[in-house]
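To be precise, the following lines are start.tsv, and they hold TSV, C-alpha atoms and all ligand atoms.
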```
chain	number	residue	atom	x	y	z
A	1	MET	CA	-2.45	-10.80	-15.95
A	2	ALA	CA	-3.56	-7.52	-14.39
A	3	LEU	CA	-1.97	-8.73	-11.17
A	4	PHE	CA	1.26	-9.53	-12.98
A	5	LYS	CA	1.34	-6.09	-14.61
A	6	LYS	CA	0.82	-4.37	-11.28
A	7	ALA	CA	3.54	-6.43	-9.59
A	8	PHE	CA	5.80	-5.82	-12.55
A	9	SER	CA	5.49	-2.05	-12.54
A	10	LYS	CA	5.85	-1.86	-8.74
A	11	LEU	CA	8.99	-3.97	-8.89
A	12	ALA	CA	10.43	-2.13	-11.87
A	13	LYS	CA	9.96	1.14	-9.96
A	14	GLY	CA	11.41	-0.31	-6.75
A	15	LEU	CA	14.37	-1.72	-8.63
A	16	SER	CA	15.09	1.50	-10.49
A	17	ARG	CA	18.38	2.10	-8.67
A	18	THR	CA	19.64	-1.40	-9.37
A	19	LYS	CA	18.41	-1.13	-12.93
A	20	SER	CA	20.20	2.08	-13.74
A	21	ARG	CA	23.45	1.20	-11.98
A	22	PHE	CA	23.79	-2.54	-12.53
A	23	VAL	CA	21.80	-3.28	-15.68
A	24	GLY	CA	22.71	0.02	-17.31
A	25	GLY	CA	26.39	-0.61	-16.61
A	26	LEU	CA	26.10	-4.16	-17.84
A	27	ARG	CA	24.58	-3.19	-21.17
A	28	SER	CA	27.23	-0.61	-21.97
A	29	MET	CA	29.97	-2.96	-20.81
A	30	LEU	CA	28.74	-5.73	-23.13
A	31	ALA	CA	27.95	-3.65	-26.21
A	32	GLY	CA	29.90	-4.62	-29.32
A	33	ARG	CA	32.17	-7.10	-27.54
A	34	GLN	CA	33.19	-10.65	-28.19
A	35	ILE	CA	32.91	-13.26	-25.47
A	36	ASP	CA	36.46	-13.73	-24.31
A	37	ALA	CA	38.47	-13.87	-21.09
A	38	ASP	CA	38.39	-10.07	-20.72
A	39	LEU	CA	34.65	-9.92	-21.01
A	40	LEU	CA	34.25	-12.74	-18.49
A	41	ASP	CA	36.46	-10.87	-16.02
A	42	ASP	CA	34.47	-7.67	-16.48
A	43	LEU	CA	31.20	-9.53	-16.12
A	44	GLU	CA	32.32	-11.23	-12.92
A	45	ALA	CA	33.36	-7.88	-11.43
A	46	THR	CA	30.03	-6.28	-12.40
A	47	LEU	CA	28.06	-9.12	-10.83
A	48	ILE	CA	30.08	-8.96	-7.61
A	49	GLN	CA	29.58	-5.19	-7.47
A	50	ALA	CA	25.83	-5.73	-7.68
A	51	ASP	CA	26.07	-7.92	-4.54
A	52	LEU	CA	25.36	-11.26	-6.22
A	53	GLY	CA	28.22	-12.64	-4.15
A	54	VAL	CA	31.46	-14.17	-5.36
A	55	ALA	CA	30.16	-17.73	-5.51
A	56	ALA	CA	27.14	-16.89	-7.68
A	57	ALA	CA	29.17	-14.55	-9.90
A	58	THR	CA	31.82	-17.22	-10.51
A	59	ARG	CA	29.21	-19.86	-11.20
A	60	ILE	CA	27.39	-17.69	-13.72
A	61	CYS	CA	30.62	-16.81	-15.55
A	62	GLN	CA	31.64	-20.45	-15.75
A	63	ASP	CA	28.25	-21.40	-17.15
A	64	LEU	CA	28.52	-18.58	-19.67
A	65	GLN	CA	31.91	-19.83	-20.80
A	66	THR	CA	30.46	-23.32	-21.29
A	67	ALA	CA	27.48	-21.96	-23.21
A	68	HIS	CA	29.86	-19.99	-25.42
A	69	LYS	CA	32.04	-23.05	-26.11
A	70	GLU	CA	28.93	-25.03	-27.00
A	71	LYS	CA	28.00	-22.18	-29.35
A	72	HIS	CA	24.72	-21.37	-27.64
A	73	ILE	CA	25.83	-17.82	-27.29
A	74	ALA	CA	27.98	-15.73	-29.61
A	75	LYS	CA	28.36	-12.06	-28.72
A	76	GLY	CA	28.28	-9.64	-25.80
A	77	GLU	CA	24.68	-8.55	-26.37
A	78	ASP	CA	23.47	-12.15	-25.98
A	79	VAL	CA	24.76	-12.21	-22.42
A	80	ILE	CA	21.70	-10.32	-21.11
A	81	ASP	CA	19.31	-13.02	-22.31
A	82	PHE	CA	21.63	-15.68	-20.98
A	83	LEU	CA	21.67	-13.98	-17.56
A	84	LYS	CA	17.90	-13.67	-17.51
A	85	THR	CA	17.45	-17.37	-18.22
A	86	GLU	CA	20.12	-18.38	-15.68
A	87	LEU	CA	18.84	-16.14	-12.90
A	88	LYS	CA	15.28	-17.39	-13.26
A	89	LYS	CA	16.55	-20.92	-12.53
A	90	TYR	CA	17.81	-19.94	-9.10
A	91	TRP	CA	14.53	-20.20	-7.24
A	92	PRO	CA	12.49	-23.38	-7.06
A	93	GLU	CA	8.69	-23.28	-7.02
A	94	SER	CA	8.61	-24.03	-3.28
A	95	ASP	CA	10.25	-20.69	-2.55
A	96	ARG	CA	7.30	-18.52	-3.34
A	97	SER	CA	4.68	-18.56	-0.65
A	98	ILE	CA	3.88	-18.59	3.06
A	99	ASN	CA	3.53	-21.99	4.64
A	100	PHE	CA	0.04	-21.61	6.11
A	101	ALA	CA	-1.29	-23.98	8.76
A	102	GLU	CA	-3.51	-26.65	7.23
A	103	SER	CA	-6.27	-25.47	9.49
A	104	GLY	CA	-6.55	-22.94	12.27
A	105	LEU	CA	-3.95	-20.44	13.27
A	106	THR	CA	-0.78	-19.68	11.29
A	107	VAL	CA	2.00	-18.17	13.39
A	108	ILE	CA	4.72	-16.07	11.77
A	109	LEU	CA	7.71	-15.01	13.84
A	110	VAL	CA	9.65	-12.04	12.51
A	111	ALA	CA	13.23	-11.21	13.51
A	112	GLY	CA	16.23	-9.24	12.36
A	113	ILE	CA	18.84	-6.71	13.38
A	114	ASN	CA	18.02	-3.19	14.58
A	115	GLY	CA	16.33	-1.05	12.00
A	116	ALA	CA	16.24	-3.75	9.32
A	117	GLY	CA	12.57	-3.04	8.64
A	118	LYS	CA	10.81	-5.67	10.80
A	119	THR	CA	7.89	-3.62	12.07
A	120	THR	CA	7.17	-2.06	8.67
A	121	SER	CA	7.40	-5.46	6.99
A	122	ILE	CA	4.95	-6.90	9.51
A	123	ALA	CA	2.54	-4.09	8.65
A	124	LYS	CA	2.91	-4.99	4.98
A	125	LEU	CA	2.17	-8.67	5.59
A	126	ALA	CA	-0.72	-7.84	7.92
A	127	TRP	CA	-2.22	-5.58	5.29
A	128	GLN	CA	-1.87	-8.27	2.59
A	129	PHE	CA	-3.49	-10.96	4.72
A	130	HIS	CA	-6.20	-8.53	5.81
A	131	GLN	CA	-6.92	-7.78	2.14
A	132	GLU	CA	-7.29	-11.51	1.56
A	133	GLY	CA	-10.02	-11.58	4.21
A	134	LYS	CA	-7.92	-13.20	6.92
A	135	LYS	CA	-8.25	-12.28	10.56
A	136	VAL	CA	-4.86	-10.96	11.62
A	137	ILE	CA	-3.48	-10.34	15.11
A	138	LEU	CA	-0.16	-8.65	15.83
A	139	ALA	CA	1.96	-9.46	18.88
A	140	ALA	CA	4.08	-6.57	20.15
A	141	CYS	CA	7.06	-8.51	21.49
A	142	ASP	CA	9.51	-5.67	21.06
A	143	THR	CA	9.21	-4.72	24.70
A	144	PHE	CA	12.53	-2.87	24.86
A	145	ARG	CA	11.14	0.45	23.77
A	146	ALA	CA	7.70	1.90	24.46
A	147	ALA	CA	7.97	3.59	21.07
A	148	ALA	CA	8.18	0.19	19.36
A	149	VAL	CA	4.81	-0.89	20.76
A	150	GLU	CA	3.38	2.49	19.80
A	151	GLN	CA	4.68	2.14	16.24
A	152	LEU	CA	3.07	-1.28	15.84
A	153	SER	CA	-0.20	0.02	17.37
A	154	ILE	CA	-0.37	2.77	14.77
A	155	TRP	CA	0.00	0.22	11.98
A	156	ALA	CA	-2.66	-1.99	13.57
A	157	ASP	CA	-5.07	0.96	13.65
A	158	ARG	CA	-4.41	1.88	10.03
A	159	ILE	CA	-4.82	-1.68	8.82
A	160	GLY	CA	-7.74	-2.43	11.10
A	161	CYS	CA	-6.35	-5.45	12.90
A	162	GLU	CA	-5.91	-6.32	16.54
A	163	ILE	CA	-2.72	-6.02	18.54
A	164	ILE	CA	-1.69	-7.79	21.74
A	165	LYS	CA	0.66	-5.86	23.98
A	166	SER	CA	1.47	-6.03	27.63
A	167	SER	CA	2.58	-3.76	30.37
A	168	GLY	CA	5.37	-6.10	31.43
A	169	GLY	CA	8.82	-6.18	29.89
A	170	ASP	CA	9.07	-9.85	29.01
A	171	PRO	CA	8.61	-10.69	25.32
A	172	ALA	CA	8.05	-14.38	26.12
A	173	ALA	CA	5.10	-13.42	28.32
A	174	VAL	CA	3.61	-11.24	25.57
A	175	VAL	CA	3.89	-14.02	23.03
A	176	PHE	CA	2.30	-16.43	25.51
A	177	ASP	CA	-0.71	-14.10	25.87
A	178	ALA	CA	-0.82	-13.42	22.14
A	179	CYS	CA	-1.05	-17.14	21.32
A	180	ASP	CA	-3.96	-17.53	23.76
A	181	ALA	CA	-5.72	-14.47	22.38
A	182	ALA	CA	-5.24	-15.55	18.76
A	183	VAL	CA	-6.74	-18.97	19.46
A	184	ALA	CA	-9.60	-17.57	21.55
A	185	ARG	CA	-10.50	-15.05	18.85
A	186	LYS	CA	-10.14	-17.59	16.05
A	187	ALA	CA	-7.52	-15.55	14.23
A	188	ASP	CA	-6.10	-16.87	10.97
A	189	VAL	CA	-2.66	-15.31	11.29
A	190	LEU	CA	-0.56	-14.21	14.26
A	191	LEU	CA	2.38	-11.99	13.34
A	192	ILE	CA	5.04	-11.58	16.03
A	193	ASP	CA	7.17	-8.43	16.07
A	194	THR	CA	10.45	-8.71	17.97
A	195	ALA	CA	13.12	-6.27	19.08
A	196	GLY	CA	16.06	-5.69	16.81
A	197	ARG	CA	19.21	-7.52	17.87
A	198	LEU	CA	22.64	-8.05	16.51
A	199	HIS	CA	23.31	-11.57	15.38
A	200	THR	CA	26.45	-11.44	17.53
A	201	GLN	CA	24.57	-10.76	20.82
A	202	ASP	CA	24.25	-14.24	22.26
A	203	ASN	CA	21.93	-13.37	25.15
A	204	LEU	CA	19.48	-11.62	22.83
A	205	MET	CA	19.64	-14.45	20.34
A	206	ARG	CA	18.74	-16.82	23.20
A	207	GLU	CA	15.76	-14.64	24.03
A	208	LEU	CA	14.59	-15.10	20.46
A	209	THR	CA	14.96	-18.86	20.79
A	210	LYS	CA	12.84	-18.63	23.95
A	211	ILE	CA	10.07	-16.74	22.13
A	212	ARG	CA	10.15	-19.41	19.47
A	213	ASP	CA	9.94	-22.19	22.06
A	214	VAL	CA	6.91	-20.62	23.75
A	215	VAL	CA	5.12	-20.48	20.39
A	216	ALA	CA	6.06	-24.07	19.62
A	217	ARG	CA	4.66	-25.27	22.96
A	218	LYS	CA	1.40	-23.34	22.64
A	219	ILE	CA	0.41	-23.95	19.00
A	220	PRO	CA	0.84	-27.24	17.10
A	221	ASP	CA	3.40	-27.01	14.27
A	222	ALA	CA	4.11	-23.35	15.08
A	223	PRO	CA	5.83	-21.17	14.18
A	224	HIS	CA	4.80	-21.96	10.60
A	225	GLU	CA	7.19	-19.39	9.28
A	226	VAL	CA	10.20	-17.70	10.81
A	227	LEU	CA	10.94	-14.71	8.63
A	228	LEU	CA	14.22	-12.90	8.85
A	229	VAL	CA	14.00	-9.30	7.71
A	230	LEU	CA	17.14	-8.20	5.92
A	231	ASP	CA	17.90	-4.67	4.84
A	232	ALA	CA	18.85	-4.91	1.16
A	233	THR	CA	21.15	-1.92	1.53
A	234	THR	CA	23.47	-3.67	4.02
A	235	GLY	CA	25.25	-5.64	1.32
A	236	GLN	CA	27.10	-8.86	1.94
A	237	ASN	CA	26.85	-8.57	5.74
A	238	ALA	CA	23.23	-9.63	5.26
A	239	ILE	CA	24.58	-13.09	4.47
A	240	ASN	CA	26.37	-13.32	7.84
A	241	GLN	CA	23.22	-12.15	9.61
A	242	ALA	CA	21.19	-14.81	7.85
A	243	LYS	CA	23.61	-17.55	8.90
A	244	ALA	CA	23.52	-16.53	12.59
A	245	PHE	CA	19.73	-16.19	12.77
A	246	LEU	CA	19.35	-19.48	10.95
A	247	ASP	CA	21.36	-21.15	13.73
A	248	ALA	CA	19.31	-19.58	16.52
A	249	ILE	CA	15.75	-19.84	15.24
A	250	ASP	CA	15.60	-22.00	12.11
A	251	VAL	CA	14.69	-19.20	9.75
A	252	THR	CA	12.34	-20.41	7.01
A	253	GLY	CA	12.47	-17.41	4.70
A	254	ILE	CA	13.64	-13.89	4.10
A	255	PHE	CA	11.68	-10.68	3.87
A	256	LEU	CA	14.06	-8.47	1.94
A	257	ALA	CA	13.24	-4.89	2.95
A	258	LYS	CA	14.38	-1.66	1.29
A	259	LEU	CA	15.06	-3.15	-2.10
A	260	ASP	CA	14.00	0.26	-3.44
A	261	GLY	CA	16.87	1.89	-1.58
A	262	THR	CA	19.71	-0.11	-3.06
A	263	ALA	CA	21.56	-0.19	-6.36
A	264	LYS	CA	22.63	-3.74	-5.49
A	265	GLY	CA	19.51	-5.84	-5.91
A	266	GLY	CA	21.78	-8.78	-6.70
A	267	ILE	CA	21.73	-9.56	-2.97
A	268	VAL	CA	18.58	-11.57	-3.76
A	269	VAL	CA	20.76	-13.98	-5.70
A	270	ALA	CA	23.46	-14.16	-3.02
A	271	ILE	CA	20.89	-15.07	-0.36
A	272	ARG	CA	19.67	-17.96	-2.47
A	273	ASN	CA	23.13	-19.07	-3.48
A	274	ASP	CA	25.09	-18.60	-0.26
A	275	VAL	CA	22.58	-19.40	2.50
A	276	ASN	CA	20.01	-21.41	0.58
A	277	LEU	CA	17.10	-19.49	2.09
A	278	PRO	CA	14.13	-18.41	0.02
A	279	VAL	CA	13.34	-14.73	-0.30
A	280	LYS	CA	9.57	-14.78	0.18
A	281	PHE	CA	8.75	-11.08	0.05
A	282	VAL	CA	10.43	-7.89	-0.99
A	283	GLY	CA	9.82	-4.48	0.55
A	284	LEU	CA	9.76	-1.62	-1.94
A	285	GLY	CA	8.93	1.44	0.14
A	286	GLU	CA	7.66	2.76	3.44
A	287	THR	CA	3.89	2.28	3.17
A	288	TYR	CA	2.08	-0.96	3.86
A	289	GLU	CA	1.25	-1.34	0.19
A	290	ASP	CA	4.92	-1.37	-0.84
A	291	VAL	CA	5.36	-5.12	-0.80
A	292	GLU	CA	5.47	-7.90	-3.37
A	293	PRO	CA	5.74	-11.65	-2.98
A	294	PHE	CA	9.05	-12.62	-4.49
A	295	ASP	CA	8.50	-14.17	-7.88
A	296	PRO	CA	11.70	-14.84	-9.86
A	297	GLU	CA	10.08	-14.48	-13.28
A	298	THR	CA	8.62	-11.06	-12.47
A	299	PHE	CA	11.75	-10.04	-10.60
A	300	VAL	CA	14.15	-10.84	-13.43
A	301	GLU	CA	11.89	-9.36	-16.11
A	302	ALA	CA	11.42	-6.16	-14.09
A	303	LEU	CA	15.14	-5.93	-13.46
A	304	PHE	CA	16.07	-6.14	-17.13
A	305	ALA	CA	13.05	-4.30	-18.53
B	1	LIG	N1	12.52	2.70	1.48
B	1	LIG	C1	12.13	1.75	2.32
B	1	LIG	N2	12.17	1.98	3.64
B	1	LIG	C2	11.77	0.99	4.47
B	1	LIG	C3	11.34	-0.27	3.99
B	1	LIG	N3	11.03	-1.03	5.06
B	1	LIG	C4	11.25	-0.28	6.17
B	1	LIG	N4	11.69	0.95	5.82
B	1	LIG	C5	12.09	2.06	6.71
B	1	LIG	O1	13.18	1.65	7.53
B	1	LIG	C6	13.09	2.25	8.82
B	1	LIG	C7	13.12	1.17	9.89
B	1	LIG	O2	11.96	0.39	9.78
B	1	LIG	P1	11.32	-0.42	10.99
B	1	LIG	O3	10.21	-1.21	10.43
B	1	LIG	O4	11.03	0.47	12.14
B	1	LIG	O5	12.55	-1.37	11.34
B	1	LIG	P2	12.68	-2.38	12.57
B	1	LIG	O6	13.51	-3.50	12.10
B	1	LIG	O7	11.35	-2.70	13.13
B	1	LIG	O8	13.52	-1.47	13.60
B	1	LIG	P3	13.77	-1.76	15.17
B	1	LIG	O9	12.48	-2.27	15.74
B	1	LIG	O10	14.18	-0.43	15.71
B	1	LIG	O11	14.87	-2.77	15.24
B	1	LIG	C8	11.80	3.05	8.81
B	1	LIG	O12	12.12	4.39	8.53
B	1	LIG	C9	11.00	2.45	7.67
B	1	LIG	O13	10.08	3.34	7.10
B	1	LIG	C10	11.33	-0.48	2.56
B	1	LIG	O14	11.00	-1.56	2.04
B	1	LIG	N5	11.74	0.56	1.79
B	2	MG	MG	10.61	-2.59	15.06
```

Structure translated into structure tokens:
Amino acid sequence: MALFKKAFSKLAKGLSRTKSRFVGGLRSMLAGRQIDADLLDDLEATLIQADLGVAAATRICQDLQTAHKEKHIAKGEDVIDFLKTELKKYWPESDRSINFAESGLTVILVAGINGAGKTTSIAKLAWQFHQEGKKVILAACDTFRAAAVEQLSIWADRIGCEIIKSSGGDPAAVVFDACDAAVARKADVLLIDTAGRLHTQDNLMRELTKIRDVVARKIPDAPHEVLLVLDATTGQNAINQAKAFLDAIDVTGIFLAKLDGTAKGGIVVAIRNDVNLPVKFVGLGETYEDVEPFDPETFVEALFA
């Protein structure tokens, strides 16, 4: 319960922009109104504005119309409770957690476009696993910029975990070494940082596939998770990114960074609805503590609190 309260208040704070813009707007839009075609139009527009995506917005409005016809719901104010119940249904139980290896090393590959929040999100995961008593190793496979390796090293120092880097410029070689090191040192989790790339850059997407293949050859059943970091402030383009990365590296889940920086937290719903990928974690700030596992119950309650 204490854990729930902490997660709840962190999320509520992180979602404050979405809350004031989307939920605030929704409440005043619904107040004192009957459920009719006009209200349904306004609701659909509000949901689309909050980045839920057209498909999810349409689906929710259709379900609302049905619920109204069946007399489960009478007036505008009831729509909030209806939305809460509907939204909570979007994410199955299997969505919630990291798929850890049954025994031995768990490998998590992290990818995304430039500046999405990959390195920071890795620090957040590393810190969480470290708190749980796991031995964590980071692989600095963003070899494009010296500053990228430096950034990851600083996080590793702060968290107190090891980092594998190399002098060479080949990310596949770094990941090869990192897999060996993680096994030799009996690490529980290997987190792989990669360079940012646009989902439209074929050669760079192939490089990512290569990194993935090296991991798969070195460690049985690896990578256990392929997390795509999406910047919550990018809006619907995040959906296109997800589709392209899914094609290249079989993404298993989303780390949705910068949820604190957007007024359109509805993107969480669009990701589920439009790409059918689970959001596993949300980033809520710039320190390594600003992370929460994505739990729909807590998320929806915090959003409408
Ligand atoms: N407010 C907020 N800022 C974040 C969050 N996650 C990352 N950032 C910031 O976003 C910026 C980019 O983060 P990085 O982690 O360097 O992103 P990256 O994807 O590794 O970037 P490249 O390696 O250059 O492609 C930094 O200023 C971070 O502090 C978050 O959840 N909330
Ligand atoms: Mg980075």

### Long-range neighbours of range 183-186 of chain A as an NGL selection string, 10 Å cut-off, only C-alpha atoms, 3 positions minimum in chain
:A and (104-105 or 135-137 or 178-180 or 189-190 or 218-219)

Store the residues of this selection in a file with C-alpha atoms, as an mmCIF file, keeping the file's coordinate frame.
```cif
data_model
loop_
_atom_site.group_PDB
_atom_site.id
_atom_site.type_symbol
_atom_site.label_atom_id
_atom_site.label_comp_id
_atom_site.auth_asym_id
_atom_site.auth_seq_id
_atom_site.Cartn_x
_atom_site.Cartn_y
_atom_site.Cartn_z
ATOM 1 C CA GLY A 104 -6.550 -22.940 12.270
ATOM 2 C CA LEU A 105 -3.950 -20.440 13.270
ATOM 3 C CA LYS A 135 -8.250 -12.280 10.560
ATOM 4 C CA VAL A 136 -4.860 -10.960 11.620
ATOM 5 C CA ILE A 137 -3.480 -10.340 15.110
ATOM 6 C CA ALA A 178 -0.820 -13.420 22.140
ATOM 7 C CA CYS A 179 -1.050 -17.140 21.320
ATOM 8 C CA ASP A 180 -3.960 -17.530 23.760
ATOM 9 C CA VAL A 189 -2.660 -15.310 11.290
ATOM 10 C CA LEU A 190 -0.560 -14.210 14.260
ATOM 11 C CA LYS A 218 1.400 -23.340 22.640
ATOM 12 C CA ILE A 219 0.410 -23.950 19.000
#
```

### Task
Collect all residues with atoms no farther than 7 Å from ligand LIG 1 (chain B), counting all atoms listed in the file, and output them as a PyMOL selection string.
chain A and resi 112-121+142+148+195-197+257-261+283-286+290

Let me see the file: selected residues, C-alpha atoms, as an mmCIF file, keeping the file's coordinate frame.
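Dumped to again_33.cif:
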```
data_model
loop_
_atom_site.group_PDB
_atom_site.id
_atom_site.type_symbol
_atom_site.label_atom_id
_atom_site.label_comp_id
_atom_site.auth_asym_id
_atom_site.auth_seq_id
_atom_site.Cartn_x
_atom_site.Cartn_y
_atom_site.Cartn_z
ATOM 1 C CA GLY A 112 16.230 -9.240 12.360
ATOM 2 C CA ILE A 113 18.840 -6.710 13.380
ATOM 3 C CA ASN A 114 18.020 -3.190 14.580
ATOM 4 C CA GLY A 115 16.330 -1.050 12.000
ATOM 5 C CA ALA A 116 16.240 -3.750 9.320
ATOM 6 C CA GLY A 117 12.570 -3.040 8.640
ATOM 7 C CA LYS A 118 10.810 -5.670 10.800
ATOM 8 C CA THR A 119 7.890 -3.620 12.070
ATOM 9 C CA THR A 120 7.170 -2.060 8.670
ATOM 10 C CA SER A 121 7.400 -5.460 6.990
ATOM 11 C CA ASP A 142 9.510 -5.670 21.060
ATOM 12 C CA ALA A 148 8.180 0.190 19.360
ATOM 13 C CA ALA A 195 13.120 -6.270 19.080
ATOM 14 C CA GLY A 196 16.060 -5.690 16.810
ATOM 15 C CA ARG A 197 19.210 -7.520 17.870
ATOM 16 C CA ALA A 257 13.240 -4.890 2.950
ATOM 17 C CA LYS A 258 14.380 -1.660 1.290
ATOM 18 C CA LEU A 259 15.060 -3.150 -2.100
ATOM 19 C CA ASP A 260 14.000 0.260 -3.440
ATOM 20 C CA GLY A 261 16.870 1.890 -1.580
ATOM 21 C CA GLY A 283 9.820 -4.480 0.550
ATOM 22 C CA LEU A 284 9.760 -1.620 -1.940
ATOM 23 C CA GLY A 285 8.930 1.440 0.140
ATOM 24 C CA GLU A 286 7.660 2.760 3.440
ATOM 25 C CA ASP A 290 4.920 -1.370 -0.840
#
```

### Message
Using all atoms listed in the file - which residues lie no farther than 12 Å from the point (22.2, -14.3, 7.3) in the file's frame? Write them as a ChimeraX atom specification.
### Response
/A:111-113,198-200,227-232,234-256,267-268,270-279

Nearby residues (only C-alpha atoms) at most 6 Å from Leu138 in chain A, same-chain spacing under 5 positions excluded, as a PDB file with C-alpha atoms, in the frame of the given file:
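Result went into part.pdb, see below:
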```pdb
ATOM      1  CA  ILE A 163      -2.720  -6.020  18.540  1.00  0.00           C
ATOM      2  CA  LEU A 190      -0.560 -14.210  14.260  1.00  0.00           C
ATOM      3  CA  LEU A 191       2.380 -11.990  13.340  1.00  0.00           C
ATOM      4  CA  ILE A 192       5.040 -11.580  16.030  1.00  0.00           C
TER       5      ILE A 192
END
```

### Task
For each of A:Glu70, A:Glu86, A:Asp36, A:Asp193, take the minimum atom-to-atom distance to ligand MG 2 (chain B), counting all atoms listed in the file, then give the residue where this is smallest.
A:Asp193

### Message
I'd like the contact shell of Glu150 in chain A - 10 Å cut-off, all atoms listed in the file, skipping same-chain residues fewer than 6 positions apart - returned as a list of chain:residue names.
### Response
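Contacts, in chain order: A:Ala140, A:Ala156, A:Lys165.
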
Put those residues in a file: C-alpha atoms, as an mmCIF file, in the coordinates of the input.
```
data_model
loop_
_atom_site.group_PDB
_atom_site.id
_atom_site.type_symbol
_atom_site.label_atom_id
_atom_site.label_comp_id
_atom_site.auth_asym_id
_atom_site.auth_seq_id
_atom_site.Cartn_x
_atom_site.Cartn_y
_atom_site.Cartn_z
ATOM 1 C CA ALA A 140 4.080 -6.570 20.150
ATOM 2 C CA ALA A 156 -2.660 -1.990 13.570
ATOM 3 C CA LYS A 165 0.660 -5.860 23.980
#
```

### Query
Pick from A:Leu204, A:Ala305, A:Ala182, A:Val110: nearest to ligand MG 2 (chain B), with all atoms listed in the file counted?
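Among A:Leu204, A:Ala305, A:Ala182, A:Val110, it is A:Val110 that comes nearest to ligand MG 2 (chain B).
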
### Query
Excluding same-chain residues fewer than 6 positions from Ala45 in chain A, what lies within 10 Å of it counting only C-alpha atoms, as number ranges by chain?
A: 39, 54, 57-58

Expected file contents, prior selection, C-alpha atoms, as a PDB file, in the coordinates of the input:
```pdb
ATOM      1  CA  LEU A  39      34.650  -9.920 -21.010  1.00  0.00           C
ATOM      2  CA  VAL A  54      31.460 -14.170  -5.360  1.00  0.00           C
ATOM      3  CA  ALA A  57      29.170 -14.550  -9.900  1.00  0.00           C
ATOM      4  CA  THR A  58      31.820 -17.220 -10.510  1.00  0.00           C
TER       5      THR A  58
END
```

What would range 85-99 of chain A look like with N, CA and C atoms restored, written as an mmCIF file, in the coordinates of the input?
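The result, written out as part-v6.cif:
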```
data_model
loop_
_atom_site.group_PDB
_atom_site.id
_atom_site.type_symbol
_atom_site.label_atom_id
_atom_site.label_comp_id
_atom_site.auth_asym_id
_atom_site.auth_seq_id
_atom_site.Cartn_x
_atom_site.Cartn_y
_atom_site.Cartn_z
ATOM 1 N N THR A 85 17.830 -15.957 -18.288
ATOM 2 C CA THR A 85 17.450 -17.370 -18.220
ATOM 3 C C THR A 85 18.110 -18.043 -17.009
ATOM 4 N N GLU A 86 19.394 -17.759 -16.803
ATOM 5 C CA GLU A 86 20.120 -18.380 -15.680
ATOM 6 C C GLU A 86 19.524 -17.969 -14.338
ATOM 7 N N LEU A 87 19.308 -16.655 -14.187
ATOM 8 C CA LEU A 87 18.840 -16.140 -12.900
ATOM 9 C C LEU A 87 17.469 -16.710 -12.534
ATOM 10 N N LYS A 88 16.625 -16.869 -13.549
ATOM 11 C CA LYS A 88 15.280 -17.390 -13.260
ATOM 12 C C LYS A 88 15.334 -18.812 -12.702
ATOM 13 N N LYS A 89 16.437 -19.529 -12.998
ATOM 14 C CA LYS A 89 16.550 -20.920 -12.530
ATOM 15 C C LYS A 89 16.921 -21.015 -11.057
ATOM 16 N N TYR A 90 17.279 -19.894 -10.462
ATOM 17 C CA TYR A 90 17.810 -19.940 -9.100
ATOM 18 C C TYR A 90 16.788 -20.311 -8.023
ATOM 19 N N TRP A 91 15.517 -20.035 -8.304
ATOM 20 C CA TRP A 91 14.530 -20.200 -7.240
ATOM 21 C C TRP A 91 13.504 -21.268 -7.580
ATOM 22 N N PRO A 92 13.479 -22.341 -6.813
ATOM 23 C CA PRO A 92 12.490 -23.380 -7.060
ATOM 24 C C PRO A 92 11.077 -22.913 -6.702
ATOM 25 N N GLU A 93 10.106 -23.610 -7.220
ATOM 26 C CA GLU A 93 8.690 -23.280 -7.020
ATOM 27 C C GLU A 93 8.347 -23.143 -5.532
ATOM 28 N N SER A 94 8.938 -23.998 -4.714
ATOM 29 C CA SER A 94 8.610 -24.030 -3.280
ATOM 30 C C SER A 94 8.986 -22.743 -2.549
ATOM 31 N N ASP A 95 9.778 -21.919 -3.195
ATOM 32 C CA ASP A 95 10.250 -20.690 -2.550
ATOM 33 C C ASP A 95 9.198 -19.618 -2.355
ATOM 34 N N ARG A 96 8.122 -19.708 -3.126
ATOM 35 C CA ARG A 96 7.300 -18.520 -3.340
ATOM 36 C C ARG A 96 6.431 -18.087 -2.174
ATOM 37 N N SER A 97 5.804 -19.022 -1.468
ATOM 38 C CA SER A 97 4.680 -18.560 -0.650
ATOM 39 C C SER A 97 4.850 -18.883 0.826
ATOM 40 N N ILE A 98 3.928 -18.337 1.615
ATOM 41 C CA ILE A 98 3.880 -18.590 3.060
ATOM 42 C C ILE A 98 3.364 -19.998 3.303
ATOM 43 N N ASN A 99 3.985 -20.662 4.244
ATOM 44 C CA ASN A 99 3.530 -21.990 4.640
ATOM 45 C C ASN A 99 2.411 -21.841 5.682
#
```
